[in-house]
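Engineer: Provided below: start_38.cif, containing mmCIF, C-alpha atoms.
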```cif
data_work
loop_
_atom_site.label_atom_id
_atom_site.label_comp_id
_atom_site.auth_asym_id
_atom_site.auth_seq_id
_atom_site.Cartn_x
_atom_site.Cartn_y
_atom_site.Cartn_z
CA MET A 1 2.45 7.37 24.15
CA ARG A 2 0.32 10.29 25.29
CA GLY A 3 1.22 13.91 24.85
CA SER A 4 1.36 16.30 27.80
CA ASP A 5 -2.30 17.17 27.16
CA GLY A 6 -3.31 13.48 27.20
CA THR A 7 -3.73 13.15 23.43
CA LYS A 8 -2.55 10.04 21.62
CA GLU A 9 0.65 10.35 19.56
CA VAL A 10 1.45 8.34 16.46
CA VAL A 11 3.90 8.36 13.58
CA LEU A 12 2.22 8.35 10.18
CA TYR A 13 4.36 6.28 7.83
CA PRO A 14 3.30 7.52 4.39
CA GLY A 15 4.79 4.81 2.13
CA CYS A 16 6.47 5.54 -1.21
CA VAL A 17 3.48 5.34 -3.56
CA SER A 18 1.15 7.56 -1.57
CA LEU A 19 3.85 10.07 -0.66
CA ASN A 20 5.30 10.42 -4.13
CA LYS A 21 2.36 9.67 -6.41
CA TYR A 22 -0.83 10.48 -4.45
CA PRO A 23 0.20 12.74 -1.55
CA GLY A 24 -3.43 13.78 -1.04
CA ILE A 25 -3.85 10.44 0.72
CA VAL A 26 -1.15 11.42 3.21
CA LYS A 27 -2.42 14.94 3.73
CA SER A 28 -6.03 13.88 4.29
CA SER A 29 -4.86 11.15 6.69
CA ILE A 30 -2.96 13.74 8.74
CA GLU A 31 -5.95 16.07 8.84
CA LEU A 32 -8.32 13.27 9.87
CA LEU A 33 -6.02 12.11 12.66
CA LYS A 34 -5.97 15.66 13.98
CA ILE A 35 -9.77 15.72 13.91
CA LEU A 36 -9.68 12.47 15.91
CA ASN A 37 -7.51 14.33 18.44
CA VAL A 38 -4.38 12.32 17.61
CA ASN A 39 -0.99 14.04 17.50
CA VAL A 40 0.76 13.09 14.28
CA ARG A 41 4.47 13.03 13.48
CA LEU A 42 6.07 12.07 10.17
CA PRO A 43 9.29 10.04 9.88
CA THR A 44 12.44 12.18 9.81
CA ASN A 45 13.60 10.41 6.64
CA MET A 46 11.84 8.16 4.17
CA LEU A 47 12.87 4.53 3.77
CA CYS A 48 10.74 2.05 1.80
CA CYS A 49 9.06 -0.76 3.75
CA SER A 50 10.84 -3.07 1.23
CA ARG A 51 7.81 -5.31 0.76
CA PRO A 52 7.93 -4.99 -3.08
CA LEU A 53 11.39 -6.55 -3.10
CA GLU A 54 10.24 -9.42 -0.88
CA ARG A 55 7.26 -10.04 -3.13
CA ILE A 56 9.48 -10.44 -6.16
CA GLY A 57 11.79 -12.77 -4.26
CA ILE A 58 14.80 -10.47 -4.12
CA ILE A 59 14.88 -10.37 -0.30
CA GLY A 60 13.39 -12.55 2.44
CA GLU A 61 11.04 -11.99 5.36
CA GLU A 62 13.98 -11.73 7.78
CA HIS A 63 15.42 -8.87 5.71
CA THR A 64 12.09 -7.03 5.57
CA ASN A 65 11.78 -7.40 9.34
CA ALA A 66 15.28 -6.04 9.91
CA LEU A 67 14.65 -3.09 7.62
CA ALA A 68 11.36 -2.38 9.42
CA ARG A 69 13.20 -2.32 12.75
CA PHE A 70 15.79 0.04 11.26
CA ASN A 71 13.01 2.23 9.89
CA VAL A 72 11.16 2.46 13.21
CA THR A 73 14.19 3.07 15.42
CA LYS A 74 16.16 5.41 13.13
CA PHE A 75 13.51 7.47 11.41
CA MET A 76 10.49 7.35 13.71
CA ASP A 77 12.11 7.71 17.11
CA ASN A 78 10.61 4.42 18.22
CA PRO A 79 6.97 5.44 18.75
CA ASP A 80 4.19 3.45 20.45
CA GLU A 81 2.18 3.29 17.26
CA VAL A 82 2.95 3.52 13.56
CA VAL A 83 -0.03 4.28 11.33
CA VAL A 84 0.20 3.28 7.66
CA VAL A 85 -2.00 4.16 4.71
CA CYS A 86 -0.98 1.24 2.49
CA ASN A 87 -1.79 -2.48 2.71
CA GLY A 88 1.70 -3.51 1.57
CA CYS A 89 3.35 -1.35 4.25
CA TYR A 90 0.82 -2.78 6.73
CA LEU A 91 1.78 -6.35 5.95
CA ALA A 92 5.51 -5.59 6.14
CA LEU A 93 5.49 -3.40 9.26
CA ARG A 94 2.83 -5.20 11.30
CA ARG A 95 4.39 -8.58 10.68
CA ALA A 96 7.85 -7.24 11.55
CA LEU A 97 6.72 -5.44 14.68
CA GLU A 98 4.88 -8.53 15.94
CA ALA A 99 7.70 -10.95 15.05
CA ASP A 100 9.31 -12.76 17.96
CA GLU A 101 12.80 -11.41 17.42
CA LEU A 102 11.43 -7.87 17.61
CA GLY A 103 8.87 -8.54 20.32
CA LYS A 104 11.58 -9.68 22.67
CA ASP A 105 13.59 -6.58 22.00
CA ALA A 106 12.54 -3.86 24.41
CA GLU A 107 14.00 -1.26 22.09
CA VAL A 108 11.22 -1.72 19.54
CA LYS A 109 7.83 -1.25 21.13
CA ALA A 110 5.65 0.11 18.32
CA LYS A 111 2.50 -1.53 17.07
CA CYS A 112 1.28 -1.01 13.53
CA SER A 113 -2.21 0.15 12.61
CA HIS A 114 -3.83 0.96 9.29
CA ILE A 115 -5.45 4.39 8.95
CA ALA A 116 -8.64 2.57 7.91
CA GLU A 117 -8.74 0.93 11.35
CA LEU A 118 -8.54 4.29 13.10
CA LEU A 119 -11.22 5.71 10.82
CA TRP A 120 -13.36 2.62 11.40
CA HIS A 121 -13.07 3.00 15.19
CA GLY A 122 -13.90 6.70 14.91
CA ARG A 123 -16.50 6.39 12.14
CA HIS A 124 -19.55 7.33 14.20
CA GLU A 125 -17.77 10.30 15.82
CA LEU A 126 -16.55 11.43 12.40
CA ALA A 127 -19.96 10.90 10.78
CA ARG A 128 -21.47 13.35 13.28
CA LYS A 129 -19.13 16.00 11.83
CA ALA A 130 -19.97 15.20 8.19
CA ARG A 131 -20.80 18.16 5.97
CA THR A 132 -21.01 16.57 2.54
CA ARG A 133 -24.08 14.57 1.57
CA MET A 134 -23.10 11.12 0.30
CA GLU A 135 -26.58 9.62 -0.25
CA LYS A 136 -26.37 9.80 -4.03
CA LEU A 137 -22.96 8.15 -4.20
CA LYS A 138 -22.69 4.49 -5.24
CA VAL A 139 -19.49 2.99 -3.91
CA ALA A 140 -17.71 -0.19 -5.00
CA VAL A 141 -15.54 -1.33 -2.11
CA HIS A 142 -12.12 -2.91 -2.65
CA VAL A 143 -10.35 -3.61 0.65
CA GLY A 144 -7.24 -5.13 -0.94
CA CYS A 145 -5.70 -8.55 -0.39
CA HIS A 146 -2.86 -7.69 1.97
CA TYR A 147 -5.38 -6.44 4.50
CA LEU A 148 -8.41 -8.61 3.71
CA PHE A 149 -6.34 -11.80 3.70
CA TYR A 150 -3.61 -10.67 6.10
CA PRO A 151 -2.03 -14.02 6.98
CA HIS A 152 -0.36 -13.30 10.32
CA GLY A 153 -3.19 -12.28 12.64
CA ASP A 154 -6.67 -10.84 13.03
CA ILE A 155 -7.95 -7.84 11.14
CA VAL A 156 -10.92 -5.54 11.70
CA LYS A 157 -14.02 -7.19 10.25
CA GLY A 158 -17.21 -5.41 9.26
CA GLU A 159 -19.98 -4.88 11.82
CA GLU A 160 -22.72 -3.08 9.90
CA GLY A 161 -21.44 -4.25 6.52
CA GLU A 162 -19.33 -6.96 4.95
CA ASP A 163 -15.97 -5.38 5.71
CA ILE A 164 -14.14 -2.43 7.26
CA LEU A 165 -14.63 -0.19 4.23
CA GLU A 166 -18.31 -0.95 3.84
CA ASP A 167 -18.82 0.03 7.48
CA ILE A 168 -17.06 3.34 6.89
CA ALA A 169 -19.02 4.04 3.69
CA LEU A 170 -22.30 3.20 5.43
CA ALA A 171 -21.47 5.46 8.38
CA PHE A 172 -21.47 8.36 5.92
CA ASN A 173 -24.70 7.18 4.26
CA ALA A 174 -23.09 6.23 0.94
CA ASN A 175 -24.61 3.33 -1.03
CA VAL A 176 -22.38 0.28 -1.23
CA VAL A 177 -22.95 -1.71 -4.42
CA ASP A 178 -22.13 -5.37 -4.64
CA TYR A 179 -20.14 -6.77 -7.54
CA GLU A 180 -19.02 -10.22 -8.47
CA GLU A 181 -15.26 -9.65 -8.21
CA ARG A 182 -15.42 -7.84 -4.89
CA ARG A 183 -12.93 -10.07 -3.08
CA THR A 184 -10.49 -10.66 -5.91
CA CYS A 185 -7.07 -9.05 -6.33
CA CYS A 186 -6.59 -5.80 -8.26
CA GLY A 187 -3.73 -7.48 -10.11
CA GLY A 188 -1.19 -4.82 -9.18
CA THR A 189 1.17 -7.27 -7.53
CA ILE A 190 1.94 -9.47 -10.48
CA VAL A 191 5.53 -9.35 -11.72
CA LYS A 192 5.58 -6.96 -14.57
CA TRP A 193 6.73 -8.81 -17.62
CA PHE A 194 3.54 -10.80 -18.23
CA ARG A 195 1.89 -7.91 -20.00
CA ASP A 196 -1.32 -9.62 -21.09
CA VAL A 197 -1.86 -11.38 -17.76
CA THR A 198 -0.99 -8.19 -15.90
CA PHE A 199 -3.76 -6.37 -17.70
CA SER A 200 -6.35 -9.18 -17.76
CA ILE A 201 -6.72 -9.28 -13.96
CA PRO A 202 -7.57 -5.60 -13.33
CA ARG A 203 -9.67 -5.67 -16.52
CA ARG A 204 -11.91 -8.43 -15.13
CA LYS A 205 -12.21 -6.62 -11.82
CA LEU A 206 -12.96 -3.26 -13.43
CA GLU A 207 -15.54 -4.68 -15.82
CA SER A 208 -17.34 -6.11 -12.81
CA ILE A 209 -17.20 -2.74 -11.02
CA ILE A 210 -18.43 -0.82 -14.06
CA GLU A 211 -21.30 -3.27 -14.50
CA SER A 212 -22.35 -2.67 -10.89
CA GLY A 213 -23.07 0.98 -11.73
CA ALA A 214 -20.63 2.29 -9.11
CA ASP A 215 -19.72 5.98 -9.16
CA VAL A 216 -16.43 5.50 -7.31
CA ILE A 217 -14.11 2.74 -6.16
CA LEU A 218 -13.24 2.96 -2.48
CA THR A 219 -9.96 1.36 -1.44
CA MET A 220 -7.46 1.57 1.44
CA CYS A 221 -4.34 0.78 -0.57
CA PRO A 222 -2.53 3.32 -2.77
CA TYR A 223 -1.03 0.51 -4.82
CA CYS A 224 -4.50 -0.86 -5.67
CA LEU A 225 -5.61 2.71 -6.38
CA ARG A 226 -2.71 3.15 -8.79
CA THR A 227 -3.55 -0.14 -10.51
CA PHE A 228 -7.19 0.87 -11.01
CA ILE A 229 -6.24 4.29 -12.38
CA ARG A 230 -3.64 3.00 -14.81
CA ALA A 231 -5.71 0.03 -15.99
CA GLN A 232 -8.67 2.31 -16.69
CA GLN A 233 -6.48 4.71 -18.64
CA ARG A 234 -5.48 1.76 -20.81
CA LEU A 235 -9.06 0.52 -21.17
CA LYS A 236 -10.16 3.98 -22.24
CA LYS A 237 -7.34 4.20 -24.74
CA LEU A 238 -8.45 0.86 -26.15
CA LYS A 239 -12.01 2.22 -26.24
CA GLU A 240 -13.15 -0.79 -24.20
CA VAL A 241 -14.99 1.33 -21.65
CA GLU A 242 -17.17 4.38 -22.07
CA ARG A 243 -16.57 5.79 -18.63
CA ALA A 244 -13.87 5.53 -16.00
CA VAL A 245 -14.76 5.01 -12.34
CA PRO A 246 -12.71 7.38 -10.16
CA THR A 247 -10.86 5.75 -7.27
CA LEU A 248 -10.67 7.17 -3.74
CA HIS A 249 -8.53 6.13 -0.82
CA VAL A 250 -10.58 5.79 2.37
CA SER A 251 -8.82 8.83 3.89
CA GLN A 252 -9.81 10.94 0.91
CA PHE A 253 -13.39 9.64 1.09
CA VAL A 254 -13.75 10.56 4.76
CA ALA A 255 -11.96 13.88 4.26
CA ILE A 256 -14.46 14.84 1.55
CA ALA A 257 -17.36 13.70 3.71
CA LEU A 258 -16.13 16.00 6.46
CA GLY A 259 -16.04 18.93 4.08
CA LEU A 260 -12.27 19.19 3.75
CA ASP A 261 -11.09 20.70 0.48
CA PRO A 262 -11.11 18.01 -2.23
CA LEU A 263 -8.10 19.58 -3.93
CA LYS A 264 -6.06 21.25 -1.20
CA SER A 265 -6.59 18.51 1.39
CA ALA A 266 -7.42 15.39 -0.58
CA GLY A 267 -5.36 16.19 -3.69
CA LEU A 268 -7.96 14.64 -5.98
CA HIS A 269 -6.70 16.64 -8.97
CA LEU A 270 -3.53 14.52 -8.83
CA GLN A 271 -5.43 11.32 -9.57
CA MET A 272 -8.58 12.36 -11.45
CA SER A 273 -9.31 14.13 -14.70
CA ALA A 274 -11.21 17.42 -14.59
CA GLN A 275 -14.21 15.56 -16.03
CA GLU A 276 -14.12 12.89 -13.31
CA LEU A 277 -13.77 15.54 -10.65
CA GLU A 278 -16.73 17.42 -12.04
CA GLY A 279 -18.81 14.24 -12.07
CA LEU A 280 -17.95 13.64 -8.43
CA ARG A 281 -18.80 17.22 -7.54
CA ARG A 282 -22.25 16.82 -9.07
CA LEU A 283 -22.91 13.71 -6.96
CA LEU A 284 -21.63 15.16 -3.72
CA THR A 285 -22.28 18.87 -3.83
CA PHE A 286 -19.12 19.89 -1.98
CA MET B 1 8.18 -26.89 -4.72
CA ILE B 2 11.01 -25.55 -2.51
CA TYR B 3 13.00 -28.73 -3.07
CA ALA B 4 12.47 -28.41 -6.81
CA ALA B 5 13.54 -24.77 -6.67
CA LYS B 6 16.69 -25.63 -4.70
CA LYS B 7 17.56 -28.28 -7.23
CA GLY B 8 16.96 -25.86 -10.06
CA LEU B 9 14.10 -27.92 -11.41
CA ILE B 10 11.59 -25.12 -11.75
CA THR B 11 13.70 -22.38 -13.22
CA GLU B 12 12.26 -22.90 -16.66
CA ARG B 13 8.67 -22.86 -15.41
CA GLU B 14 6.88 -19.56 -15.30
CA ASP B 15 4.25 -20.56 -12.75
CA ILE B 16 6.08 -19.14 -9.77
CA TRP B 17 6.21 -15.70 -11.38
CA LEU B 18 2.48 -15.70 -12.10
CA CYS B 19 1.40 -15.74 -8.45
CA LEU B 20 -0.15 -12.44 -7.32
CA ASN B 21 0.84 -13.06 -3.72
CA CYS B 22 -2.72 -12.12 -2.82
CA HIS B 23 -3.09 -14.81 -0.09
CA ILE B 24 -6.62 -15.70 -1.24
CA CYS B 25 -5.60 -19.34 -1.68
CA GLU B 26 -4.32 -19.36 1.92
CA ALA B 27 -7.61 -18.01 3.17
CA ARG B 28 -9.36 -20.91 1.43
CA CYS B 29 -6.83 -23.68 2.10
CA PRO B 30 -8.34 -26.30 4.45
CA ASN B 31 -4.85 -27.21 5.70
CA SER B 32 -3.64 -23.65 6.33
CA VAL B 33 -0.68 -24.05 4.00
CA ARG B 34 1.36 -20.85 3.70
CA ILE B 35 1.30 -20.97 -0.09
CA SER B 36 2.45 -17.38 -0.69
CA ASP B 37 5.52 -17.92 1.49
CA LEU B 38 6.36 -21.07 -0.46
CA ILE B 39 6.09 -19.21 -3.75
CA LEU B 40 8.26 -16.33 -2.52
CA ASP B 41 10.81 -18.78 -1.17
CA ALA B 42 10.89 -20.53 -4.54
CA ARG B 43 11.45 -17.19 -6.26
CA ARG B 44 14.34 -16.43 -3.94
CA LYS B 45 15.91 -19.80 -4.60
CA VAL B 46 15.67 -19.27 -8.35
CA LEU B 47 17.22 -15.82 -8.05
CA GLU B 48 20.00 -17.10 -5.77
CA ARG B 49 20.81 -20.02 -7.99
CA HIS B 50 20.49 -18.65 -11.48
CA GLY B 51 19.46 -15.06 -11.42
CA GLU B 52 16.59 -14.11 -13.66
CA GLU B 53 17.19 -11.67 -16.46
CA ARG B 54 13.65 -10.37 -16.53
CA VAL B 55 13.76 -9.58 -12.81
CA SER B 56 16.95 -7.60 -13.34
CA GLU B 57 15.52 -5.84 -16.34
CA PHE B 58 12.34 -4.73 -14.61
CA TYR B 59 13.43 -4.22 -11.05
CA SER B 60 17.11 -3.25 -10.95
CA SER B 61 16.20 0.45 -11.02
CA PHE B 62 14.05 -0.09 -7.90
CA VAL B 63 16.85 -1.85 -6.04
CA ARG B 64 19.30 0.85 -7.13
CA ALA B 65 16.91 3.52 -5.88
CA LEU B 66 16.46 1.76 -2.54
CA LEU B 67 20.22 1.54 -2.06
CA ASN B 68 20.82 5.12 -3.08
CA ILE B 69 17.87 7.18 -1.87
CA GLY B 70 15.78 4.80 0.24
CA VAL B 71 12.54 4.68 -1.79
CA MET B 72 11.39 2.89 -4.91
CA ALA B 73 8.61 5.18 -6.08
CA PHE B 74 9.55 8.79 -6.60
CA VAL B 75 7.94 12.02 -7.72
CA THR B 76 7.66 12.38 -11.49
CA SER B 77 5.18 15.25 -11.72
CA SER B 78 5.63 18.92 -10.88
CA ARG B 79 2.02 19.08 -9.66
CA VAL B 80 2.77 16.37 -7.09
CA GLU B 81 5.99 18.16 -6.14
CA ASP B 82 4.09 21.43 -5.61
CA PHE B 83 1.36 19.72 -3.56
CA LYS B 84 3.96 18.06 -1.34
CA SER B 85 5.78 21.35 -0.77
CA GLU B 86 2.60 23.25 0.04
CA SER B 87 1.47 20.46 2.39
CA GLY B 88 4.74 20.11 4.33
CA LEU B 89 5.27 16.59 3.01
CA ASN B 90 8.83 16.92 1.76
CA ILE B 91 10.28 14.20 3.96
CA PRO B 92 14.01 13.94 3.20
CA MET B 93 15.28 10.85 1.43
CA LEU B 94 18.34 9.12 2.86
CA THR B 95 21.22 11.46 3.56
CA GLU B 96 24.85 10.31 3.58
CA PRO B 97 25.40 9.19 7.19
CA LEU B 98 22.05 7.37 7.21
CA LYS B 99 22.79 5.76 3.87
CA SER B 100 26.05 4.41 5.29
CA GLU B 101 24.16 2.98 8.26
CA LEU B 102 21.69 1.30 5.94
CA HIS B 103 24.53 -0.20 3.92
CA GLU B 104 26.16 -1.46 7.11
CA LEU B 105 22.89 -3.18 8.02
CA LEU B 106 22.59 -4.71 4.55
CA LYS B 107 26.20 -5.93 4.74
CA LYS B 108 25.58 -7.48 8.14
CA MET B 109 22.73 -9.48 6.64
CA ASN B 110 24.90 -10.31 3.63
CA LEU B 111 22.19 -8.66 1.63
CA GLU B 112 24.04 -5.90 -0.20
CA ALA B 113 26.22 -8.36 -2.09
CA ARG B 114 23.21 -10.58 -2.75
CA LEU B 115 21.19 -7.69 -4.10
CA LYS B 116 23.97 -6.65 -6.44
CA GLU B 117 24.53 -10.20 -7.57
CA ALA B 118 20.87 -11.05 -8.07
CA MET B 119 20.19 -7.84 -9.91
CA GLY B 120 23.48 -7.53 -11.74
CA ILE B 121 24.14 -4.02 -10.48
CA GLU B 122 26.86 -2.19 -8.64
CA ARG B 123 26.21 0.50 -6.06
CA GLU B 124 26.91 3.94 -7.48
#
```
Step by step, read the file and then write its structure as structure tokens.

Structural biologist:
Amino acid sequence: MRGSDGTKEVVLYPGCVSLNKYPGIVKSSIELLKILNVNVRLPTNMLCCSRPLERIGIIGEEHTNALARFNVTKFMDNPDEVVVVCNGCYLALRRALEADELGKDAEVKAKCSHIAELLWHGRHELARKARTRMEKLKVAVHVGCHYLFYPHGDIVKGEEGEDILEDIALAFNANVVDYEERRTCCGGTIVKWFRDVTFSIPRRKLESIIESGADVILTMCPYCLRTFIRAQQRLKKLKEVERAVPTLHVSQFVAIALGLDPLKSAGLHLQMSAQELEGLRRLLTF
Amino acid sequence: MIYAAKKGLITEREDIWLCLNCHICEARCPNSVRISDLILDARRKVLERHGEERVSEFYSSFVRALLNIGVMAFVTSSRVEDFKSESGLNIPMLTEPLKSELHELLKKMNLEARLKEAMGIERE
């Protein structure tokens, strides 16, 4: 749908974790879409994409699809495009909106995009507006499984780099470091009673990232971001690591690159310690 | 695996709960087997047939929250609350008429009863 002035209109579906734990991801996404000349609406009410329940086995794909249809028609006024900031929401909503039973239904017409895809398409335009120097920043990229291995269709693949996030980081002249566990899972999706296993997976991933010398982890999934933050808090408590590597969502990364306020727009103080924030400031000179 | 799950033969095995549902195995599978779907289906069968105490223990609050307010992760910090307010991000949770509509949908799919049964909870 185009607005009266010809601009594109989308609904930004924020997802529970980003909205209620890391709202800076949502705010920076909104601000970036505006910079890309996209009109943004939010849902009128918030209903979970229900993917976590499907993952545990409590509900099935058909239920997730029906709830997605309910979500889009009731709370989003049936837009042309729903933009998500989370890989779990992406899997649930994209699959549902492309499913046959919905595709045949003229009432539901929306397609689902990830904010990282819009930023990837607009990366060169956005990079021309960059105000923060990123040359000193070493970035460890973690795309996240539910996008990287999305099982129901094609995803955006890297052109200049190995994947969508590396392309975005490179567009802003950041240094992308390689690390051995780059394509493995963050471990956030395991069912929660296997405490030792739950912790061992992010631990292996984080050790690999720390070894790479990365200054920040760049991801496009708030759930992965949450896993990295919490696992590092535990590692620090156990005195198994000397330093934590701050984690940024791709919207926050681009927002900072464009000179938007790291606290008021990107909400970094809600996910980083004062020390981590200071370290980032020194590398970026906001 | 699905047959075994239907017959209740894998309820004592923990393997199906260890899967991360990351789809990496599917990306590598030379026969394009939808392994994650099979695992999730097996989990459903186990929950339908026997329930699973640990699932109830860990996740019943999430299901309860979904039924009652529509989301499973909620604000637990005043700093986040303040940021949301200042940023115009206070999207309402489910209000009464919408909640009723959601419950109607869940009933139509026979899901509300299943959720309560699988999780051992009653709607408040």

Engineer: One number please: atom CA of Val72 of chain A to atom CA of Cys145 of chain A, in Å, one decimal.

Structural biologist: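 Spanning atom CA of Val72 of chain A to atom CA of Cys145 of chain A is a straight-line distance of 24.3 Å.
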
Engineer: Dump as a tab-separated table the rows for residues of chain A within 8 Å of chain B: closest atom pair and distance in Å with one decimal, all atoms listed in the file counted, ordered by chain and rising residue number.

Structural biologist:
```
residue	atom	partner	partner_atom	distance
A:Cys16	CA	B:Ala73	CA	5.3
A:Val17	CA	B:Ala73	CA	5.7
A:Leu19	CA	B:Leu89	CA	7.6
A:Asn20	CA	B:Val75	CA	4.7
A:Lys21	CA	B:Val75	CA	6.2
A:Tyr22	CA	B:Val80	CA	7.4
A:Pro23	CA	B:Lys84	CA	6.5
A:Lys27	CA	B:Ser87	CA	6.9
A:Leu42	CA	B:Ile91	CA	7.8
A:Pro43	CA	B:Ile91	CA	7.3
A:Thr44	CA	B:Ile91	CA	6.6
A:Asn45	CA	B:Pro92	CA	4.9
A:Met46	CA	B:Met93	CA	5.2
A:Leu47	CA	B:Gly70	CA	4.6
A:Cys48	CA	B:Val71	CA	4.8
A:Leu53	CA	B:Val63	CA	7.8
A:Glu54	CA	B:Leu40	CA	7.4
A:Arg55	CA	B:Leu40	CA	6.4
A:Ile56	CA	B:Leu40	CA	7.0
A:Gly57	CA	B:Arg44	CA	4.5
A:Ile58	CA	B:Arg44	CA	6.0
A:Ile59	CA	B:Arg44	CA	7.1
A:Gly60	CA	B:Arg44	CA	7.5
A:His63	CA	B:Met109	CA	7.4
A:Cys145	CA	B:Cys22	CA	5.2
A:His146	CA	B:Cys22	CA	6.5
A:Phe149	CA	B:His23	CA	5.8
A:Tyr150	CA	B:His23	CA	7.5
A:Pro151	CA	B:His23	CA	7.2
A:Thr184	CA	B:Ile24	CA	7.9
A:Cys185	CA	B:Cys22	CA	6.4
A:Gly187	CA	B:Leu20	CA	6.7
A:Gly188	CA	B:Leu20	CA	7.9
A:Thr189	CA	B:Leu20	CA	5.3
A:Ile190	CA	B:Leu20	CA	4.8
A:Val191	CA	B:Trp17	CA	6.4
A:Lys192	CA	B:Phe58	CA	7.1
A:Trp193	CA	B:Arg54	CA	7.2
A:Phe194	CA	B:Leu18	CA	7.9
A:Lys264	CA	B:Phe83	CA	7.9
A:Gly267	CA	B:Phe83	CA	7.6
A:Leu270	CA	B:Val80	CA	6.8
```

Engineer: I need the chosen residues saved as a PDB file, keeping the file's coordinate frame, with C-alpha atoms.

Structural biologist:
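Output file selection-v1.pdb follows:
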```
ATOM      1  CA  CYS A  16       6.470   5.540  -1.210  1.00  0.00           C
ATOM      2  CA  VAL A  17       3.480   5.340  -3.560  1.00  0.00           C
ATOM      3  CA  LEU A  19       3.850  10.070  -0.660  1.00  0.00           C
ATOM      4  CA  ASN A  20       5.300  10.420  -4.130  1.00  0.00           C
ATOM      5  CA  LYS A  21       2.360   9.670  -6.410  1.00  0.00           C
ATOM      6  CA  TYR A  22      -0.830  10.480  -4.450  1.00  0.00           C
ATOM      7  CA  PRO A  23       0.200  12.740  -1.550  1.00  0.00           C
ATOM      8  CA  LYS A  27      -2.420  14.940   3.730  1.00  0.00           C
ATOM      9  CA  LEU A  42       6.070  12.070  10.170  1.00  0.00           C
ATOM     10  CA  PRO A  43       9.290  10.040   9.880  1.00  0.00           C
ATOM     11  CA  THR A  44      12.440  12.180   9.810  1.00  0.00           C
ATOM     12  CA  ASN A  45      13.600  10.410   6.640  1.00  0.00           C
ATOM     13  CA  MET A  46      11.840   8.160   4.170  1.00  0.00           C
ATOM     14  CA  LEU A  47      12.870   4.530   3.770  1.00  0.00           C
ATOM     15  CA  CYS A  48      10.740   2.050   1.800  1.00  0.00           C
ATOM     16  CA  LEU A  53      11.390  -6.550  -3.100  1.00  0.00           C
ATOM     17  CA  GLU A  54      10.240  -9.420  -0.880  1.00  0.00           C
ATOM     18  CA  ARG A  55       7.260 -10.040  -3.130  1.00  0.00           C
ATOM     19  CA  ILE A  56       9.480 -10.440  -6.160  1.00  0.00           C
ATOM     20  CA  GLY A  57      11.790 -12.770  -4.260  1.00  0.00           C
ATOM     21  CA  ILE A  58      14.800 -10.470  -4.120  1.00  0.00           C
ATOM     22  CA  ILE A  59      14.880 -10.370  -0.300  1.00  0.00           C
ATOM     23  CA  GLY A  60      13.390 -12.550   2.440  1.00  0.00           C
ATOM     24  CA  HIS A  63      15.420  -8.870   5.710  1.00  0.00           C
ATOM     25  CA  CYS A 145      -5.700  -8.550  -0.390  1.00  0.00           C
ATOM     26  CA  HIS A 146      -2.860  -7.690   1.970  1.00  0.00           C
ATOM     27  CA  PHE A 149      -6.340 -11.800   3.700  1.00  0.00           C
ATOM     28  CA  TYR A 150      -3.610 -10.670   6.100  1.00  0.00           C
ATOM     29  CA  PRO A 151      -2.030 -14.020   6.980  1.00  0.00           C
ATOM     30  CA  THR A 184     -10.490 -10.660  -5.910  1.00  0.00           C
ATOM     31  CA  CYS A 185      -7.070  -9.050  -6.330  1.00  0.00           C
ATOM     32  CA  GLY A 187      -3.730  -7.480 -10.110  1.00  0.00           C
ATOM     33  CA  GLY A 188      -1.190  -4.820  -9.180  1.00  0.00           C
ATOM     34  CA  THR A 189       1.170  -7.270  -7.530  1.00  0.00           C
ATOM     35  CA  ILE A 190       1.940  -9.470 -10.480  1.00  0.00           C
ATOM     36  CA  VAL A 191       5.530  -9.350 -11.720  1.00  0.00           C
ATOM     37  CA  LYS A 192       5.580  -6.960 -14.570  1.00  0.00           C
ATOM     38  CA  TRP A 193       6.730  -8.810 -17.620  1.00  0.00           C
ATOM     39  CA  PHE A 194       3.540 -10.800 -18.230  1.00  0.00           C
ATOM     40  CA  LYS A 264      -6.060  21.250  -1.200  1.00  0.00           C
ATOM     41  CA  GLY A 267      -5.360  16.190  -3.690  1.00  0.00           C
ATOM     42  CA  LEU A 270      -3.530  14.520  -8.830  1.00  0.00           C
TER      43      LEU A 270
END
```

Engineer: Applied to this file, what does the PyMOL selection byres ((chain A and resi 79) around 7) return in terms of residues, put as a VMD selection string?

Structural biologist: chain A and resid 10 to 11 76 to 78 80 to 82 110

Engineer: Where does the PyMOL selection byres ((chain A and resi 168-181) around 8) land in this file, that is, which residues does it pick, as a ChimeraX atom specification?

Structural biologist: /A:119-120,123-124,127,130,133-141,160-161,164-167,182-184,204-205,208-209,211-214,257

Engineer: Quick one: which residues end up in the PyMOL selection byres ((chain A and resi 39) around 8) for this structure, as a list in words?

Structural biologist: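 Those residues are Gly3, Thr7, Lys8, Glu9, Val10, Leu33, Lys34, Asn37, Val38, Val40 and Arg41 of chain A.
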
Engineer: Using the selection just defined, write its residues with C-alpha atoms as a compact mmCIF listing (two decimals), keeping the file's coordinate frame.

Structural biologist:
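Contents of part-v7.txt, as written:
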```txt
# COMPACT_ATOMS: atom_id res chain seq x y z
CA GLY A 3 1.22 13.91 24.85
CA THR A 7 -3.73 13.15 23.43
CA LYS A 8 -2.55 10.04 21.62
CA GLU A 9 0.65 10.35 19.56
CA VAL A 10 1.45 8.34 16.46
CA LEU A 33 -6.02 12.11 12.66
CA LYS A 34 -5.97 15.66 13.98
CA ASN A 37 -7.51 14.33 18.44
CA VAL A 38 -4.38 12.32 17.61
CA VAL A 40 0.76 13.09 14.28
CA ARG A 41 4.47 13.03 13.48
```
